[in-house]
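One structure is given here, and the rest of the page talks about it.
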Amino acid sequence: MDYKKYRFNKKEILSETGKYLLISGAFAFFFYRSLVVYAVAIFLTPLFLHIRKKHYISKRKEALINEFIEALKSIGANMRAGYSLENACVEAIKDMTLFFGEKCLMVEELKKIQKGMKVNITIEELLEDLGVRSGIKDIELFAGIVKTAKRNGGLLNEVFENTAARLSDKRSLKQELNVILSEKQYELKIMEMIPFLILFYVEMTNRGYFDVLYEGIKGRLFMTFSVLLYFTAVFLANKIMGFLKYEGAN
């Protein structure tokens, strides 16, 4: 599995498409009052789905790194208990299945590693492959550490446990940062809704008040400028929020 790519299932396609149709419908109504604009927006559905894929990729990577940390802990503990690396991976599959379920990402990856070692593919090659496919720097760096430890005769169980401890600390820091930023994210979502709420309130209390904005070239240009300004503000706000998360997690 290439974790840098994502394919929607039928349920996700229906859910995301429905979400986009509602959002684009709201924009077409509040900013243009035009079915033509809505029809044009519908043709942009593939672009919206492409953008949403990035969200799903990010979520899947987050799940992978969390499961990866637990897998490292399990493998390290099993090796310390006297298991060979291959047997430690087998035991880790049982542990991960117990905690995360049979369909979790790392269960599949551990099974792949187990099969690879049975046909004499080295653990460092298998981890390097996982690192490349995952697109996660921490996993790529870990594969390099294992390769160096194997080459220099290092204690692999300590490598697994120490790396798991470091990544756990990093995950805890990220979770604390997310708690701090959660209030700001909630405020951001409210701010994103305010223009629509204002337009809806005025429309309900003073019908026809905004009609001039939906008629003539000047009105259309003004509303188009408003839409661009809105998207720019939302884009910058989310970029800043994403930057804060990234900086705090690294």
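Chain labels run A, B, ... following the order of the structure tokens; each chain numbers its residues from 1, and ligands are numbered from 1 in the order shown.
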Do a neighbour search on Gln185 of chain A at 12 Å with only C-alpha atoms, toss out local chain neighbours closer than 3 positions, and write the hits as a PDB file with N, CA and C atoms, in the first residue's frame.
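File written: part.pdb
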ATOM      1  N   LEU A 177      -0.446  19.824  21.936  1.00  0.00           N
ATOM      2  CA  LEU A 177      -0.594  20.984  21.062  1.00  0.00           C
ATOM      3  C   LEU A 177      -1.980  21.008  20.431  1.00  0.00           C
ATOM      4  N   ASN A 178      -2.468  19.831  20.033  1.00  0.00           N
ATOM      5  CA  ASN A 178      -3.807  19.759  19.440  1.00  0.00           C
ATOM      6  C   ASN A 178      -4.879  20.201  20.421  1.00  0.00           C
ATOM      7  N   VAL A 179      -4.684  19.864  21.707  1.00  0.00           N
ATOM      8  CA  VAL A 179      -5.638  20.293  22.737  1.00  0.00           C
ATOM      9  C   VAL A 179      -5.630  21.819  22.843  1.00  0.00           C
ATOM     10  N   ILE A 180      -4.425  22.401  22.805  1.00  0.00           N
ATOM     11  CA  ILE A 180      -4.303  23.858  22.895  1.00  0.00           C
ATOM     12  C   ILE A 180      -4.945  24.538  21.691  1.00  0.00           C
ATOM     13  N   LEU A 181      -4.763  23.929  20.502  1.00  0.00           N
ATOM     14  CA  LEU A 181      -5.259  24.547  19.282  1.00  0.00           C
ATOM     15  C   LEU A 181      -6.732  24.229  18.998  1.00  0.00           C
ATOM     16  N   SER A 182      -7.283  23.258  19.717  1.00  0.00           N
ATOM     17  CA  SER A 182      -8.659  22.829  19.433  1.00  0.00           C
ATOM     18  C   SER A 182      -9.659  23.978  19.593  1.00  0.00           C
ATOM     19  N   LEU A 188     -12.336  29.072  14.504  1.00  0.00           N
ATOM     20  CA  LEU A 188     -12.159  29.226  13.055  1.00  0.00           C
ATOM     21  C   LEU A 188     -13.371  28.704  12.297  1.00  0.00           C
ATOM     22  N   LYS A 189     -13.904  27.567  12.729  1.00  0.00           N
ATOM     23  CA  LYS A 189     -15.082  27.006  12.070  1.00  0.00           C
ATOM     24  C   LYS A 189     -16.283  27.949  12.196  1.00  0.00           C
ATOM     25  N   ILE A 190     -16.410  28.570  13.371  1.00  0.00           N
ATOM     26  CA  ILE A 190     -17.499  29.531  13.571  1.00  0.00           C
ATOM     27  C   ILE A 190     -17.322  30.737  12.650  1.00  0.00           C
ATOM     28  N   MET A 191     -16.082  31.239  12.557  1.00  0.00           N
ATOM     29  CA  MET A 191     -15.802  32.388  11.705  1.00  0.00           C
ATOM     30  C   MET A 191     -16.100  32.077  10.241  1.00  0.00           C
ATOM     31  N   GLU A 192     -15.861  30.844   9.834  1.00  0.00           N
ATOM     32  CA  GLU A 192     -16.139  30.456   8.454  1.00  0.00           C
ATOM     33  C   GLU A 192     -17.635  30.491   8.160  1.00  0.00           C
ATOM     34  N   VAL A 234      -9.945  32.065   4.515  1.00  0.00           N
ATOM     35  CA  VAL A 234     -10.052  30.697   5.035  1.00  0.00           C
ATOM     36  C   VAL A 234      -8.775  29.913   4.755  1.00  0.00           C
ATOM     37  N   ALA A 237      -5.967  31.167   7.074  1.00  0.00           N
ATOM     38  CA  ALA A 237      -6.225  30.755   8.455  1.00  0.00           C
ATOM     39  C   ALA A 237      -5.891  29.279   8.659  1.00  0.00           C
ATOM     40  N   ASN A 238      -6.295  28.440   7.710  1.00  0.00           N
ATOM     41  CA  ASN A 238      -6.004  27.011   7.819  1.00  0.00           C
ATOM     42  C   ASN A 238      -4.524  26.716   7.621  1.00  0.00           C
ATOM     43  N   LYS A 239      -3.858  27.485   6.781  1.00  0.00           N
ATOM     44  CA  LYS A 239      -2.420  27.329   6.597  1.00  0.00           C
ATOM     45  C   LYS A 239      -1.671  27.647   7.885  1.00  0.00           C
ATOM     46  N   ILE A 240      -2.072  28.735   8.545  1.00  0.00           N
ATOM     47  CA  ILE A 240      -1.439  29.116   9.810  1.00  0.00           C
ATOM     48  C   ILE A 240      -1.665  28.033  10.860  1.00  0.00           C
ATOM     49  N   MET A 241      -2.899  27.519  10.930  1.00  0.00           N
ATOM     50  CA  MET A 241      -3.210  26.462  11.892  1.00  0.00           C
ATOM     51  C   MET A 241      -2.402  25.207  11.605  1.00  0.00           C
ATOM     52  N   GLY A 242      -2.298  24.860  10.317  1.00  0.00           N
ATOM     53  CA  GLY A 242      -1.511  23.695   9.936  1.00  0.00           C
ATOM     54  C   GLY A 242      -0.038  23.874  10.226  1.00  0.00           C
ATOM     55  N   LEU A 244       1.265  25.738  12.650  1.00  0.00           N
ATOM     56  CA  LEU A 244       1.455  25.628  14.092  1.00  0.00           C
ATOM     57  C   LEU A 244       1.491  24.164  14.525  1.00  0.00           C
ATOM     58  N   LYS A 245       0.611  23.355  13.936  1.00  0.00           N
ATOM     59  CA  LYS A 245       0.587  21.927  14.272  1.00  0.00           C
ATOM     60  C   LYS A 245       1.897  21.270  13.854  1.00  0.00           C
TER      61      LYS A 245
END
Residue contacts of Met96 of chain A (9 Å, only C-alpha atoms) excluding same-chain residues fewer than 5 positions away, as a ChimeraX atom specification: /A:67,70-71,74,91,101-102,104,106-107
Spatial neighbours of Gly116 of chain A, max dist 12 Å, only C-alpha atoms, sep filter under 3 positions, as a VMD selection string: chain A and resid 86 89 109 to 113 119 to 127 129 to 130
Take the residues just selected and output them with N, CA and C atoms as a PDB file, in the first residue's frame.
ATOM      1  N   GLU A  86      12.185 -12.414  14.016  1.00  0.00           N
ATOM      2  CA  GLU A  86      11.045 -12.938  13.272  1.00  0.00           C
ATOM      3  C   GLU A  86       9.918 -13.341  14.204  1.00  0.00           C
ATOM      4  N   CYS A  89       8.154 -10.401  15.700  1.00  0.00           N
ATOM      5  CA  CYS A  89       7.175  -9.807  14.782  1.00  0.00           C
ATOM      6  C   CYS A  89       5.870 -10.599  14.793  1.00  0.00           C
ATOM      7  N   GLU A 109       1.161  -4.657   7.699  1.00  0.00           N
ATOM      8  CA  GLU A 109       2.578  -4.386   7.455  1.00  0.00           C
ATOM      9  C   GLU A 109       3.468  -5.413   8.157  1.00  0.00           C
ATOM     10  N   LEU A 110       3.104  -5.807   9.374  1.00  0.00           N
ATOM     11  CA  LEU A 110       3.881  -6.816  10.095  1.00  0.00           C
ATOM     12  C   LEU A 110       3.803  -8.176   9.406  1.00  0.00           C
ATOM     13  N   LYS A 111       2.646  -8.497   8.867  1.00  0.00           N
ATOM     14  CA  LYS A 111       2.516  -9.744   8.114  1.00  0.00           C
ATOM     15  C   LYS A 111       3.391  -9.720   6.871  1.00  0.00           C
ATOM     16  N   LYS A 112       3.459  -8.550   6.238  1.00  0.00           N
ATOM     17  CA  LYS A 112       4.299  -8.405   5.060  1.00  0.00           C
ATOM     18  C   LYS A 112       5.781  -8.541   5.426  1.00  0.00           C
ATOM     19  N   ILE A 113       6.160  -7.958   6.563  1.00  0.00           N
ATOM     20  CA  ILE A 113       7.542  -8.072   7.039  1.00  0.00           C
ATOM     21  C   ILE A 113       7.870  -9.528   7.368  1.00  0.00           C
ATOM     22  N   VAL A 119      11.503 -15.273   3.168  1.00  0.00           N
ATOM     23  CA  VAL A 119      12.151 -15.481   1.863  1.00  0.00           C
ATOM     24  C   VAL A 119      13.488 -14.740   1.803  1.00  0.00           C
ATOM     25  N   ASN A 120      14.057 -14.514   3.003  1.00  0.00           N
ATOM     26  CA  ASN A 120      15.417 -13.969   3.142  1.00  0.00           C
ATOM     27  C   ASN A 120      15.562 -12.516   2.684  1.00  0.00           C
ATOM     28  N   ILE A 121      14.488 -11.748   2.777  1.00  0.00           N
ATOM     29  CA  ILE A 121      14.614 -10.299   2.600  1.00  0.00           C
ATOM     30  C   ILE A 121      14.948  -9.717   3.966  1.00  0.00           C
ATOM     31  N   THR A 122      15.959  -8.875   4.034  1.00  0.00           N
ATOM     32  CA  THR A 122      16.414  -8.376   5.323  1.00  0.00           C
ATOM     33  C   THR A 122      15.398  -7.420   5.934  1.00  0.00           C
ATOM     34  N   ILE A 123      15.414  -7.356   7.268  1.00  0.00           N
ATOM     35  CA  ILE A 123      14.493  -6.482   7.984  1.00  0.00           C
ATOM     36  C   ILE A 123      14.716  -5.018   7.603  1.00  0.00           C
ATOM     37  N   GLU A 124      15.979  -4.648   7.355  1.00  0.00           N
ATOM     38  CA  GLU A 124      16.252  -3.254   6.999  1.00  0.00           C
ATOM     39  C   GLU A 124      15.665  -2.902   5.628  1.00  0.00           C
ATOM     40  N   GLU A 125      15.697  -3.870   4.689  1.00  0.00           N
ATOM     41  CA  GLU A 125      15.097  -3.625   3.378  1.00  0.00           C
ATOM     42  C   GLU A 125      13.585  -3.490   3.481  1.00  0.00           C
ATOM     43  N   LEU A 126      12.994  -4.326   4.306  1.00  0.00           N
ATOM     44  CA  LEU A 126      11.542  -4.285   4.485  1.00  0.00           C
ATOM     45  C   LEU A 126      11.102  -2.990   5.159  1.00  0.00           C
ATOM     46  N   LEU A 127      11.887  -2.533   6.144  1.00  0.00           N
ATOM     47  CA  LEU A 127      11.561  -1.276   6.822  1.00  0.00           C
ATOM     48  C   LEU A 127      11.792  -0.075   5.903  1.00  0.00           C
ATOM     49  N   ASP A 129      11.392  -0.127   2.719  1.00  0.00           N
ATOM     50  CA  ASP A 129      10.244  -0.149   1.808  1.00  0.00           C
ATOM     51  C   ASP A 129       9.025   0.488   2.479  1.00  0.00           C
ATOM     52  N   LEU A 130       8.801   0.141   3.754  1.00  0.00           N
ATOM     53  CA  LEU A 130       7.690   0.739   4.493  1.00  0.00           C
ATOM     54  C   LEU A 130       7.872   2.240   4.620  1.00  0.00           C
TER      55      LEU A 130
END
Point-to-point distance in Å for atom CA of Thr163 of chain A and atom CA of Ile145 of chain A: 9.2 Å
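Among the candidates A:Ile136, A:Lys184, A:Val212, A:Phe235, the residue lying nearest to Phe31 of chain A is A:Val212 (atoms considered: only C-alpha atoms).
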